[in-house]
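Enquirer: Following this line is query32.txt, made up of compact mmCIF, C-alpha atoms:
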# COMPACT_ATOMS: atom_id res chain seq x y z
CA MET A 23 20.44 14.82 -32.23
CA ASN A 24 17.08 16.40 -33.02
CA SER A 25 16.96 20.20 -32.60
CA MET A 26 13.31 20.24 -31.40
CA PRO A 27 12.76 21.21 -27.74
CA TRP A 28 12.41 18.21 -25.40
CA HIS A 29 8.67 18.59 -24.82
CA LYS A 30 7.96 18.48 -28.56
CA GLN A 31 10.16 15.39 -28.88
CA ALA A 32 8.23 13.81 -26.00
CA ALA A 33 4.89 14.64 -27.65
CA ALA A 34 6.11 13.12 -30.94
CA LEU A 35 7.17 9.92 -29.13
CA TRP A 36 3.83 9.76 -27.32
CA LYS A 37 1.97 10.08 -30.66
CA LYS A 38 4.19 7.38 -32.20
CA ASP A 39 3.50 5.02 -29.27
CA ILE A 40 -0.25 5.69 -29.40
CA ARG A 41 -0.29 4.94 -33.15
CA ALA A 42 1.74 1.77 -32.65
CA GLU A 43 -0.56 0.70 -29.81
CA MET A 44 -3.69 1.33 -31.89
CA ARG A 45 -2.20 -0.91 -34.58
CA THR A 46 -1.00 -3.82 -32.44
CA ARG A 47 -2.98 -3.39 -29.18
CA VAL A 48 -0.40 -5.41 -27.23
CA ALA A 49 -0.42 -3.37 -23.98
CA THR A 50 -4.16 -2.64 -23.91
CA GLY A 51 -4.91 -6.22 -24.98
CA SER A 52 -2.90 -7.86 -22.19
CA MET A 53 -4.12 -5.39 -19.57
CA GLY A 54 -7.72 -5.65 -20.79
CA VAL A 55 -7.81 -9.45 -20.80
CA PHE A 56 -6.31 -9.58 -17.31
CA ALA A 57 -8.64 -6.92 -15.92
CA LEU A 58 -11.79 -8.42 -17.45
CA SER A 59 -11.02 -11.97 -16.29
CA ALA A 60 -10.22 -10.63 -12.78
CA LEU A 61 -13.50 -8.69 -12.79
CA LEU A 62 -15.40 -11.83 -13.76
CA LEU A 63 -13.68 -13.78 -10.99
CA ILE A 64 -14.52 -11.09 -8.43
CA ALA A 65 -18.15 -10.96 -9.59
CA LEU A 66 -18.49 -14.73 -9.13
CA SER A 67 -16.75 -14.84 -5.75
CA MET A 68 -18.77 -11.82 -4.58
CA LEU A 69 -21.95 -13.93 -4.55
CA SER A 70 -20.88 -15.74 -1.36
CA VAL A 71 -20.28 -12.58 0.71
CA LYS A 72 -22.97 -10.30 -0.73
CA GLY A 73 -25.17 -9.02 2.10
CA VAL A 74 -23.22 -10.94 4.78
CA GLU A 75 -22.73 -8.98 7.99
CA TYR A 76 -20.78 -9.56 11.18
CA ARG A 77 -20.82 -8.08 14.68
CA ASP A 78 -17.72 -6.11 15.64
CA ALA A 79 -16.16 -5.94 19.11
CA LEU A 80 -18.80 -3.48 20.29
CA GLY A 81 -21.68 -5.56 18.95
CA ARG A 82 -22.34 -3.31 15.92
CA LEU A 83 -23.42 -4.94 12.66
CA LYS A 84 -20.92 -4.33 9.86
CA PRO A 85 -20.75 -5.63 6.27
CA ALA A 86 -18.31 -8.51 5.84
CA TRP A 87 -16.82 -6.76 2.81
CA ASP A 88 -16.88 -3.00 3.34
CA ASP A 89 -16.10 -0.20 0.87
CA ALA A 90 -12.51 0.20 2.10
CA GLY A 91 -11.92 -3.51 1.44
CA LYS A 92 -13.47 -3.17 -2.03
CA MET A 93 -11.21 -0.20 -2.76
CA ALA A 94 -8.15 -2.25 -1.72
CA LEU A 95 -9.15 -5.04 -4.11
CA LEU A 96 -9.76 -2.54 -6.93
CA TRP A 97 -6.22 -1.21 -6.55
CA THR A 98 -4.79 -4.73 -6.39
CA LEU A 99 -6.52 -5.42 -9.69
CA LEU A 100 -5.29 -2.14 -11.22
CA CYS A 101 -1.69 -2.73 -10.04
CA PHE A 102 -1.50 -6.22 -11.50
CA ALA A 103 -3.15 -5.09 -14.73
CA ALA A 104 -0.72 -2.16 -14.97
CA PHE A 105 2.28 -4.39 -14.42
CA THR A 106 0.98 -6.76 -17.11
CA GLY A 107 1.05 -4.15 -19.86
CA LEU A 108 3.06 -1.09 -18.93
CA ALA A 109 6.49 -2.65 -19.54
CA HIS A 110 5.61 -3.02 -23.21
CA PRO A 111 6.67 0.44 -24.56
CA PHE A 112 10.29 -0.02 -23.41
CA VAL A 113 10.52 -3.78 -24.02
CA HIS A 114 9.17 -3.29 -27.55
CA GLU A 115 11.83 -0.64 -28.36
CA GLU A 116 14.60 -2.96 -27.13
CA GLU A 117 13.25 -6.07 -28.87
CA SER A 118 12.68 -4.42 -32.23
CA GLY A 119 16.01 -2.58 -32.07
CA THR A 120 14.41 0.86 -32.43
CA SER A 121 15.90 2.02 -29.12
CA LEU A 122 19.12 2.78 -31.00
CA ALA A 123 17.28 5.18 -33.30
CA LEU A 124 15.60 6.82 -30.31
CA ARG A 125 18.99 7.31 -28.63
CA LEU A 126 20.30 9.01 -31.78
CA TYR A 127 17.37 11.32 -32.40
CA MET A 128 16.03 12.15 -28.94
CA SER A 129 17.34 13.27 -25.59
CA ALA A 130 16.94 10.87 -22.64
CA GLU A 131 14.58 13.31 -20.89
CA ALA A 132 12.29 13.42 -23.94
CA VAL A 133 12.18 9.60 -24.13
CA TYR A 134 11.33 9.36 -20.44
CA ALA A 135 8.63 12.04 -20.70
CA GLY A 136 7.12 10.45 -23.84
CA LYS A 137 7.01 6.96 -22.35
CA LEU A 138 5.64 8.26 -19.02
CA LEU A 139 2.93 10.14 -20.88
CA PHE A 140 2.02 7.04 -22.88
CA ASN A 141 1.86 4.84 -19.77
CA LEU A 142 -0.25 7.42 -17.93
CA THR A 143 -2.64 7.64 -20.89
CA THR A 144 -2.98 3.85 -21.10
CA LEU A 145 -3.47 3.54 -17.33
CA ALA A 146 -6.04 6.35 -17.21
CA ALA A 147 -7.99 4.79 -20.09
CA MET A 148 -7.96 1.40 -18.36
CA MET A 149 -9.07 2.95 -15.07
CA LEU A 150 -11.91 4.80 -16.77
CA VAL A 151 -13.28 1.48 -18.04
CA ILE A 152 -12.44 -0.79 -15.10
CA THR A 153 -13.43 1.42 -12.13
CA PRO A 154 -17.10 1.99 -13.09
CA ALA A 155 -17.48 -1.68 -14.08
CA TYR A 156 -15.99 -2.76 -10.74
CA MET A 157 -18.22 -0.35 -8.85
CA LEU A 158 -21.29 -1.72 -10.63
CA LEU A 159 -20.34 -5.33 -9.92
CA THR A 160 -19.35 -4.94 -6.28
CA GLY A 161 -21.61 -2.06 -5.27
CA MET A 162 -18.61 -0.04 -4.07
CA ASN A 163 -19.47 3.54 -3.08
CA THR A 164 -17.21 6.44 -3.90
CA GLY A 165 -17.44 7.76 -0.33
CA ARG A 166 -16.46 11.42 -0.25
CA LEU A 167 -16.26 12.48 -3.92
CA ILE A 168 -13.99 15.40 -3.09
CA LEU A 169 -11.40 12.85 -1.91
CA PHE A 170 -12.22 9.97 -4.27
CA PHE A 171 -11.15 11.77 -7.47
CA PRO A 172 -7.82 13.17 -6.16
CA ILE A 173 -6.98 9.74 -4.73
CA MET A 174 -7.77 7.94 -8.01
CA ILE A 175 -5.78 10.52 -10.02
CA GLY A 176 -2.90 10.51 -7.50
CA GLY A 177 -2.91 6.69 -7.50
CA CYS A 178 -2.86 6.57 -11.31
CA PHE A 179 0.03 9.06 -11.40
CA GLY A 180 2.05 7.14 -8.77
CA LEU A 181 1.43 3.74 -10.35
CA GLY A 182 2.27 5.02 -13.84
CA SER A 183 5.48 6.69 -12.68
CA VAL A 184 6.67 3.57 -10.81
CA ALA A 185 5.80 1.26 -13.72
CA THR A 186 7.60 3.50 -16.26
CA VAL A 187 10.95 3.69 -14.49
CA VAL A 188 10.87 0.01 -13.54
CA ALA A 189 10.03 -0.90 -17.15
CA ALA A 190 13.04 1.12 -18.37
CA LEU A 191 15.32 -0.83 -16.00
CA ALA A 192 13.80 -4.21 -16.77
CA ALA A 193 13.79 -3.76 -20.56
CA LYS A 194 17.59 -4.01 -20.59
CA ALA A 195 17.49 -7.55 -19.20
CA LYS A 196 16.76 -10.71 -21.18
CA SER A 197 14.03 -12.01 -18.87
CA SER A 198 12.48 -8.58 -18.51
CA GLY A 199 9.08 -9.87 -17.35
CA ALA A 200 10.41 -11.45 -14.16
CA LEU A 201 12.75 -8.54 -13.47
CA PHE A 202 9.90 -6.05 -13.92
CA GLY A 203 8.03 -7.62 -11.00
CA ALA A 204 11.12 -8.14 -8.84
CA ILE A 205 12.35 -4.54 -9.08
CA GLY A 206 8.87 -3.07 -9.00
CA LEU A 207 7.62 -4.83 -5.87
CA PRO A 208 9.69 -2.97 -3.21
CA ILE A 209 8.76 0.44 -4.67
CA LEU A 210 5.20 -0.69 -5.15
CA VAL A 211 4.81 -1.77 -1.50
CA VAL A 212 5.57 1.78 -0.28
CA PHE A 213 3.20 3.20 -2.90
CA LEU A 214 0.41 0.78 -1.91
CA ILE A 215 0.76 1.60 1.81
CA LEU A 216 0.41 5.32 1.03
CA LEU A 217 -2.45 4.64 -1.37
CA MET A 218 -4.44 2.48 1.05
CA GLN A 219 -3.92 5.00 3.83
CA ALA A 220 -5.30 7.75 1.58
CA ALA A 221 -8.12 5.55 0.21
CA HIS A 222 -9.42 4.85 3.72
CA LEU A 223 -10.07 8.58 4.11
CA CYS A 224 -12.91 8.36 1.56
CA TYR A 225 -14.89 6.22 4.01
CA ALA A 226 -13.57 7.46 7.36
CA GLY A 227 -16.13 9.63 9.10
CA ASN A 228 -13.61 11.18 11.51
CA ALA A 229 -10.91 12.28 9.03
CA THR A 230 -9.40 15.59 10.11
CA PRO A 231 -8.24 18.22 7.55
CA ILE A 232 -4.63 17.64 8.62
CA SER A 233 -4.88 13.88 8.02
CA ILE A 234 -6.44 14.55 4.59
CA VAL A 235 -3.58 16.90 3.61
CA LYS A 236 -1.05 14.45 5.02
CA ASP A 237 -2.34 11.28 3.34
CA VAL A 238 -3.54 12.64 -0.01
CA GLY A 239 -0.51 14.96 -0.20
CA GLY A 240 1.76 12.03 0.67
CA LEU A 241 0.28 9.95 -2.15
CA VAL A 242 0.68 12.71 -4.74
CA SER A 243 4.15 13.67 -3.53
CA PHE A 244 5.29 10.05 -3.87
CA GLY A 245 4.45 10.23 -7.58
CA VAL A 246 6.16 13.62 -7.88
CA MET A 247 9.26 12.26 -6.12
CA ILE A 248 9.50 9.20 -8.41
CA VAL A 249 9.00 11.34 -11.55
CA ALA A 250 11.58 13.94 -10.45
CA LEU A 251 14.15 11.29 -9.47
CA SER A 252 13.52 9.29 -12.66
CA ALA A 253 13.84 12.38 -14.87
CA MET A 254 17.16 13.26 -13.23
CA LEU A 255 18.62 9.76 -13.38
CA PHE A 256 17.02 8.38 -16.54
CA HIS A 257 20.00 9.09 -18.79
CA PHE A 258 22.10 6.65 -16.70
CA ILE A 259 19.62 3.87 -17.55
CA TRP A 260 18.99 4.94 -21.14
CA ASP A 261 22.49 5.82 -22.36
CA ASP A 262 24.27 2.78 -20.90
CA MET B 9 24.67 23.96 -11.14
CA ASN B 10 22.19 23.41 -13.96
CA LYS B 11 18.84 25.14 -13.30
CA ALA B 12 16.82 22.01 -14.19
CA VAL B 13 18.86 19.87 -11.76
CA LEU B 14 18.32 22.45 -9.03
CA ILE B 15 14.54 22.45 -9.60
CA GLY B 16 14.60 18.63 -9.67
CA LEU B 17 16.51 18.41 -6.39
CA LEU B 18 14.12 20.89 -4.78
CA ALA B 19 11.09 18.91 -5.99
CA VAL B 20 12.61 15.64 -4.75
CA SER B 21 13.42 17.10 -1.30
CA VAL B 22 9.94 18.58 -0.79
CA ALA B 23 8.19 15.46 -2.11
CA MET B 24 10.39 13.13 -0.05
CA GLY B 25 9.66 15.12 3.12
CA PHE B 26 5.93 15.01 2.44
CA THR B 27 6.04 11.27 1.61
CA LEU B 28 7.97 10.46 4.81
CA TRP B 29 5.52 12.53 6.85
CA ALA B 30 2.59 10.61 5.33
CA PHE B 31 4.42 7.29 5.68
CA SER B 32 5.03 7.92 9.39
CA SER B 33 1.30 7.62 10.10
CA SER B 34 1.34 4.03 8.83
CA MET B 35 3.65 3.13 11.73
CA THR B 36 2.01 2.01 14.97
CA PRO B 37 3.65 3.60 18.03
CA TYR B 38 4.06 1.86 21.41
CA VAL B 39 2.13 3.77 24.09
CA ASP B 40 0.72 3.11 27.57
CA ILE B 41 -3.00 2.64 28.23
CA HIS B 42 -3.58 6.25 29.30
CA GLN B 43 -2.00 7.59 26.08
CA ALA B 44 -3.92 5.05 23.97
CA GLU B 45 -7.20 6.36 25.42
CA GLN B 46 -6.19 9.96 24.72
CA MET B 47 -4.92 9.41 21.17
CA GLY B 48 -7.90 7.62 19.67
CA GLU B 49 -5.83 6.20 16.79
CA ARG B 50 -4.16 2.89 16.02
CA VAL B 51 -1.46 2.13 18.60
CA GLN B 52 0.38 -0.77 20.22
CA VAL B 53 -0.05 -1.38 23.94
CA ARG B 54 2.28 -3.65 25.89
CA GLY B 55 1.36 -5.16 29.24
CA LYS B 56 0.59 -8.10 31.51
CA ILE B 57 -2.22 -10.49 30.60
CA LEU B 58 -4.53 -10.99 33.58
CA HIS B 59 -5.17 -14.69 32.94
CA ASN B 60 -8.11 -14.98 35.35
CA THR B 61 -10.07 -12.59 33.10
CA VAL B 62 -9.53 -14.42 29.80
CA ARG B 63 -12.74 -15.57 28.09
CA TRP B 64 -14.05 -16.29 24.61
CA SER B 65 -17.13 -14.44 23.34
CA ASP B 66 -19.21 -16.40 20.84
CA ARG B 67 -21.33 -13.37 20.08
CA GLN B 68 -18.38 -11.13 19.18
CA HIS B 69 -16.15 -13.96 17.87
CA ALA B 70 -13.37 -12.51 19.98
CA LEU B 71 -10.95 -13.32 22.77
CA ILE B 72 -11.53 -10.93 25.69
CA PHE B 73 -9.11 -10.27 28.54
CA MET B 74 -7.79 -7.50 30.80
CA LEU B 75 -4.38 -6.00 30.11
CA GLN B 76 -2.33 -4.20 32.75
CA ASP B 77 0.49 -1.87 31.73
CA LYS B 78 3.61 -0.79 33.66
CA ASN B 79 1.65 2.06 35.33
CA ASN B 80 -0.84 -0.54 36.67
CA ASP B 81 -3.61 0.91 34.44
CA GLN B 82 -5.97 -1.74 33.10
CA ILE B 83 -8.06 -1.98 29.94
CA GLU B 84 -10.32 -4.63 28.43
CA VAL B 85 -8.87 -6.04 25.20
CA VAL B 86 -11.22 -7.46 22.58
CA TYR B 87 -9.00 -9.42 20.21
CA HIS B 88 -10.21 -10.58 16.79
CA GLY B 89 -7.97 -13.18 15.27
CA ALA B 90 -6.36 -16.54 15.86
CA LYS B 91 -5.32 -17.06 19.48
CA PRO B 92 -1.49 -17.22 19.64
CA GLU B 93 -0.25 -20.72 20.47
CA SER B 94 1.51 -19.76 23.70
CA PHE B 95 -1.11 -17.26 24.87
CA ASP B 96 -2.18 -19.34 27.89
CA THR B 97 1.33 -19.41 29.36
CA ALA B 98 2.49 -15.99 28.17
CA PRO B 99 3.00 -13.43 30.94
CA GLU B 100 2.91 -10.39 28.62
CA THR B 101 1.62 -9.30 25.24
CA ALA B 102 1.86 -6.38 22.81
CA ALA B 103 -1.50 -5.80 21.12
CA SER B 104 -2.15 -3.49 18.15
CA GLY B 105 -5.50 -1.79 17.86
CA ILE B 106 -7.60 1.22 18.73
CA VAL B 107 -9.45 2.33 21.86
CA GLU B 108 -13.20 2.55 21.36
CA ARG B 109 -15.98 3.32 23.84
CA GLY B 110 -18.46 0.62 24.83
CA SER B 111 -22.18 1.24 25.30
CA SER B 112 -21.56 2.28 28.93
CA GLY B 113 -18.73 4.58 27.90
CA THR B 114 -15.99 2.27 29.19
CA PRO B 115 -12.85 2.18 27.07
CA ILE B 116 -12.26 -1.05 25.12
CA PHE B 117 -9.07 -1.83 23.25
CA VAL B 118 -10.18 -3.43 19.98
CA SER B 119 -7.24 -5.36 18.60
CA ASP B 120 -6.62 -7.43 15.49
CA SER B 121 -2.96 -8.23 16.00
CA MET B 122 -1.12 -9.54 19.03
CA VAL B 123 2.40 -10.71 19.81
CA VAL B 124 2.93 -12.67 23.01
CA LYS B 125 6.08 -12.69 25.08
CA CYS B 126 7.04 -16.08 26.43
CA PRO B 127 10.60 -16.21 27.81
CA SER B 128 9.79 -19.18 30.03
CA LYS B 129 9.63 -21.32 26.87
CA TYR B 130 13.44 -21.27 26.74
CA ASP B 131 14.01 -21.99 30.44
CA ASP B 132 14.40 -25.44 32.01
CA GLU B 133 12.78 -26.49 35.28
CA LYS B 134 15.39 -24.60 37.30
CA GLY B 135 14.86 -21.46 35.23
CA LEU B 136 18.21 -21.74 33.43
CA ARG B 137 18.47 -20.85 29.76
CA HIS B 138 20.07 -23.30 27.34
CA ASN B 139 22.71 -22.22 24.90
CA ILE B 140 22.06 -24.48 21.95
CA HIS B 141 24.68 -23.20 19.53
CA ALA B 142 27.09 -25.61 17.88
CA GLY B 143 25.11 -28.53 19.25
CA THR B 144 26.93 -28.41 22.60
CA GLY B 145 23.76 -27.98 24.62
CA ALA B 146 25.85 -26.08 27.17
CA LYS B 147 23.95 -24.18 29.82
CA VAL B 148 24.72 -20.52 30.37
So that I can check it, write out the structure of this file as structure tokens.

Expert:
Amino acid sequence: MNSMPWHKQAAALWKKDIRAEMRTRVATGSMGVFALSALLLIALSMLSVKGVEYRDALGRLKPAWDDAGKMALLWTLLCFAAFTGLAHPFVHEEESGTSLALRLYMSAEAVYAGKLLFNLTTLAAMMLVITPAYMLLTGMNTGRLILFFPIMIGGCFGLGSVATVVAALAAKAKSSGALFGAIGLPILVVFLILLMQAAHLCYAGNATPISIVKDVGGLVSFGVMIVALSAMLFHFIWDD
Amino acid sequence: MNKAVLIGLLAVSVAMGFTLWAFSSSMTPYVDIHQAEQMGERVQVRGKILHNTVRWSDRQHALIFMLQDKNNDQIEVVYHGAKPESFDTAPETAASGIVERGSSGTPIFVSDSMVVKCPSKYDDEKGLRHNIHAGTGAKV
């Protein structure tokens, strides 16, 4: 076993994964192709509802596709894109047989931290490209900026943490792609409910400070809970 | 116990409590009409459908009717969505939505989800329920 402290081992694994990704571009390629084709599809389908309004129950004119709806679609896109590419770091180690070397030279905690860091970096990079492009295409507003950024960062953290632990579980199976979705969906549903609840706050005019703390805090704490649980239990997945 | 495990358990407990607290607001509680008016958030209201008040509004694209709860309070429900199949014969419904104020300040329950209760569907002409298990068709 390596005598380096775990955080240095994790940083070394993160650098190795970044270098490997820059060389092969498997994860970013699959996520990028999915996200760009989905963006194109949304842009084309947007034409039919652009500027369309409807009257609500009280006779007020409202846009057929409001900002909260656009935000929901953005996160749907990001979730599917994330699940397309974020299993790769673990699946690649298992397929190429390098997971054995990692088990010998690194602690389970360091492997988990390194892979989580890599997935968060990839997801953040994808979000930085996709979100502005989506906002340009659909005309989505950020709403309250003071809430928009914490929600996007909290969402990225939660999605990355769920995808990492599910990828570690699924990589052990032969048909890891199908298993990745099947295991990930139940955890993802809870995450998406919390995320949508928090995202609505950006556009809600009557959000109270307590509801902001509750919903944004709930979203961030979900990510913290998954990371803490994964870090504690990861060696059961990794060492078996 | 290992210090790292202790910190981990503490972080999990705090985060789980916070997550459950946040998750609880995604649930829609059952309340009466008076409480629904006071709360001003998404709730479910159960009550009798006053069938003589049911109408369709072309302008609002909504089904409008009066709902009466167990305390005999009444509220106008504006329901957006497909009309449930057995709505016309259903005695009661549970509608999910939020109370908003109309232009005259009257409370309106704006709903987008509704479940109708229709026990009469399983009764015969004499009001007896059929037990249809095991294909016996025996009445209970």

Enquirer: Figure out the distance between atom CA of B:Ser34 and atom CA of B:Asp120, please, to one decimal in Å.

Expert: 15.5 Å

Enquirer: Between atom CA of B:Ala30 and atom CA of A:Met149, what distance in Å does the model show, to one decimal?

Expert: 24.7 Å

Enquirer: Quick one, how far is atom CA of B:Val118 from atom CA of B:Leu28?

Expert: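 Separating atom CA of B:Val118 from atom CA of B:Leu28 is a distance of 27.4 Å.
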
Enquirer: Do you have, as JSON lines, the list of residues of chain B lying at most 9 Å from chain A, each with its nearest atom pair and that distance in Å to one decimal, counting all atoms listed in the file and ordered by chain then number?

Expert:
{"residue": "B:Ala12", "atom": "CA", "partner": "A:Met254", "partner_atom": "CA", "distance": 8.8}
{"residue": "B:Val13", "atom": "CA", "partner": "A:Met254", "partner_atom": "CA", "distance": 7.0}
{"residue": "B:Gly16", "atom": "CA", "partner": "A:Ala250", "partner_atom": "CA", "distance": 5.6}
{"residue": "B:Leu17", "atom": "CA", "partner": "A:Ala250", "partner_atom": "CA", "distance": 7.8}
{"residue": "B:Ala19", "atom": "CA", "partner": "A:Ala250", "partner_atom": "CA", "distance": 6.7}
{"residue": "B:Val20", "atom": "CA", "partner": "A:Met247", "partner_atom": "CA", "distance": 5.0}
{"residue": "B:Ser21", "atom": "CA", "partner": "A:Met247", "partner_atom": "CA", "distance": 8.0}
{"residue": "B:Val22", "atom": "CA", "partner": "A:Ser243", "partner_atom": "CA", "distance": 8.1}
{"residue": "B:Ala23", "atom": "CA", "partner": "A:Ser243", "partner_atom": "CA", "distance": 4.6}
{"residue": "B:Met24", "atom": "CA", "partner": "A:Met247", "partner_atom": "CA", "distance": 6.2}
{"residue": "B:Gly25", "atom": "CA", "partner": "A:Ser243", "partner_atom": "CA", "distance": 8.8}
{"residue": "B:Phe26", "atom": "CA", "partner": "A:Gly240", "partner_atom": "CA", "distance": 5.4}
{"residue": "B:Thr27", "atom": "CA", "partner": "A:Gly240", "partner_atom": "CA", "distance": 4.4}
{"residue": "B:Leu28", "atom": "CA", "partner": "A:Gly240", "partner_atom": "CA", "distance": 7.6}
{"residue": "B:Trp29", "atom": "CA", "partner": "A:Lys236", "partner_atom": "CA", "distance": 7.1}
{"residue": "B:Ala30", "atom": "CA", "partner": "A:Gly240", "partner_atom": "CA", "distance": 4.9}
{"residue": "B:Phe31", "atom": "CA", "partner": "A:Leu216", "partner_atom": "CA", "distance": 6.4}
{"residue": "B:Ser33", "atom": "CA", "partner": "A:Asp237", "partner_atom": "CA", "distance": 8.5}
{"residue": "B:Ser34", "atom": "CA", "partner": "A:Gln219", "partner_atom": "CA", "distance": 7.3}
{"residue": "B:Arg67", "atom": "CA", "partner": "A:Arg77", "partner_atom": "CA", "distance": 7.6}
{"residue": "B:Gln68", "atom": "CA", "partner": "A:Ala79", "partner_atom": "CA", "distance": 5.6}
{"residue": "B:His69", "atom": "CA", "partner": "A:Ala79", "partner_atom": "CA", "distance": 8.1}
{"residue": "B:Ala70", "atom": "CA", "partner": "A:Ala79", "partner_atom": "CA", "distance": 7.2}
{"residue": "B:Val86", "atom": "CA", "partner": "A:Ala79", "partner_atom": "CA", "distance": 6.2}
{"residue": "B:Tyr87", "atom": "CA", "partner": "A:Ala79", "partner_atom": "CA", "distance": 8.0}
{"residue": "B:His88", "atom": "CA", "partner": "A:Ala79", "partner_atom": "CA", "distance": 7.9}
{"residue": "B:Glu108", "atom": "CA", "partner": "A:Leu80", "partner_atom": "CA", "distance": 8.3}
{"residue": "B:Arg109", "atom": "CA", "partner": "A:Leu80", "partner_atom": "CA", "distance": 8.2}
{"residue": "B:Gly110", "atom": "CA", "partner": "A:Leu80", "partner_atom": "CA", "distance": 6.1}
{"residue": "B:Ser111", "atom": "CA", "partner": "A:Leu80", "partner_atom": "CA", "distance": 7.7}
{"residue": "B:Ile116", "atom": "CA", "partner": "A:Leu80", "partner_atom": "CA", "distance": 8.5}
{"residue": "B:Val118", "atom": "CA", "partner": "A:Ala79", "partner_atom": "CA", "distance": 6.5}
{"residue": "B:Ser119", "atom": "CA", "partner": "A:Ala79", "partner_atom": "CA", "distance": 9.0}

Enquirer: For a quick check of understanding, using only C-alpha atoms, which of A:Cys178, A:Ile168, A:Cys224, A:Leu126 has the smallest distance to A:Leu142?

Expert: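 Counting only C-alpha atoms, the residue closest to A:Leu142 is A:Cys178.
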
Enquirer: Step by step: start from the point (-1.3, -21.0, 23.4) in the file's coordinates, keep every protein, DNA or RNA residue that has an atom no farther than 12 Å from it, count all atoms listed in the file, and write the set as a list in words.

Expert: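 Nearby residues: Ala90, Lys91, Pro92, Glu93, Ser94, Phe95, Asp96, Thr97, Ala98, Pro99, Val123, Val124, Lys125, Cys126 and Lys129 of chain B.
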
Enquirer: Print the selection's residues with C-alpha atoms to a file, as a PDB file, keeping the file's coordinate frame.

Expert:
ATOM      1  CA  ALA B  90      -6.360 -16.540  15.860  1.00  0.00           C
ATOM      2  CA  LYS B  91      -5.320 -17.060  19.480  1.00  0.00           C
ATOM      3  CA  PRO B  92      -1.490 -17.220  19.640  1.00  0.00           C
ATOM      4  CA  GLU B  93      -0.250 -20.720  20.470  1.00  0.00           C
ATOM      5  CA  SER B  94       1.510 -19.760  23.700  1.00  0.00           C
ATOM      6  CA  PHE B  95      -1.110 -17.260  24.870  1.00  0.00           C
ATOM      7  CA  ASP B  96      -2.180 -19.340  27.890  1.00  0.00           C
ATOM      8  CA  THR B  97       1.330 -19.410  29.360  1.00  0.00           C
ATOM      9  CA  ALA B  98       2.490 -15.990  28.170  1.00  0.00           C
ATOM     10  CA  PRO B  99       3.000 -13.430  30.940  1.00  0.00           C
ATOM     11  CA  VAL B 123       2.400 -10.710  19.810  1.00  0.00           C
ATOM     12  CA  VAL B 124       2.930 -12.670  23.010  1.00  0.00           C
ATOM     13  CA  LYS B 125       6.080 -12.690  25.080  1.00  0.00           C
ATOM     14  CA  CYS B 126       7.040 -16.080  26.430  1.00  0.00           C
ATOM     15  CA  LYS B 129       9.630 -21.320  26.870  1.00  0.00           C
TER      16      LYS B 129
END

Enquirer: Within 6 Å of (1.5, 2.9, 17.9), in the coordinates the file gives, what residues turn up when you count all atoms listed in the file, written out as number ranges by chain?

Expert: B: 36-38, 50-52

Enquirer: Which residues are near A:Gly206? Cut-off 10 Å, only C-alpha atoms, ignore same chain within fewer than 5 positions. Put them as a PyMOL selection string.

Expert: chain A and resi 105+184-189+191-192+200-201+211

Enquirer: Output the selection as a PDB file, in the coordinates of the input - C-alpha atoms for each residue.

Expert:
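Saved result, part.pdb, follows:
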ATOM      1  CA  PHE A 105       2.280  -4.390 -14.420  1.00  0.00           C
ATOM      2  CA  VAL A 184       6.670   3.570 -10.810  1.00  0.00           C
ATOM      3  CA  ALA A 185       5.800   1.260 -13.720  1.00  0.00           C
ATOM      4  CA  THR A 186       7.600   3.500 -16.260  1.00  0.00           C
ATOM      5  CA  VAL A 187      10.950   3.690 -14.490  1.00  0.00           C
ATOM      6  CA  VAL A 188      10.870   0.010 -13.540  1.00  0.00           C
ATOM      7  CA  ALA A 189      10.030  -0.900 -17.150  1.00  0.00           C
ATOM      8  CA  LEU A 191      15.320  -0.830 -16.000  1.00  0.00           C
ATOM      9  CA  ALA A 192      13.800  -4.210 -16.770  1.00  0.00           C
ATOM     10  CA  ALA A 200      10.410 -11.450 -14.160  1.00  0.00           C
ATOM     11  CA  LEU A 201      12.750  -8.540 -13.470  1.00  0.00           C
ATOM     12  CA  VAL A 211       4.810  -1.770  -1.500  1.00  0.00           C
TER      13      VAL A 211
END

Enquirer: Quick one: residues within 8 Å of A:Trp87, all atoms listed in the file counted, chain neighbours fewer than 5 positions away excluded, as a PyMOL selection string?

Expert: chain A and resi 71-72+74+92

Enquirer: Hey, what's within 7 Å of A:Trp36 if we count all atoms listed in the file and toss same-chain stuff fewer than 2 positions away? As a PDB file with C-alpha atoms, keeping the file's coordinate frame, please?

Expert:
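Result file follows (part20.pdb):
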ATOM      1  CA  ALA A  32       8.230  13.810 -26.000  1.00  0.00           C
ATOM      2  CA  ALA A  33       4.890  14.640 -27.650  1.00  0.00           C
ATOM      3  CA  ALA A  34       6.110  13.120 -30.940  1.00  0.00           C
ATOM      4  CA  LYS A  38       4.190   7.380 -32.200  1.00  0.00           C
ATOM      5  CA  ASP A  39       3.500   5.020 -29.270  1.00  0.00           C
ATOM      6  CA  ILE A  40      -0.250   5.690 -29.400  1.00  0.00           C
ATOM      7  CA  GLY A 136       7.120  10.450 -23.840  1.00  0.00           C
ATOM      8  CA  LYS A 137       7.010   6.960 -22.350  1.00  0.00           C
ATOM      9  CA  LEU A 139       2.930  10.140 -20.880  1.00  0.00           C
ATOM     10  CA  PHE A 140       2.020   7.040 -22.880  1.00  0.00           C
TER      11      PHE A 140
END

Enquirer: Which residues are close to A:Ala104, i.e. within 8 Å by all atoms listed in the file, leaving aside same-chain residues fewer than 3 positions away? Reply as a ChimeraX atom specification.

Expert: /A:53,100-101,107-108,145,181-182,185
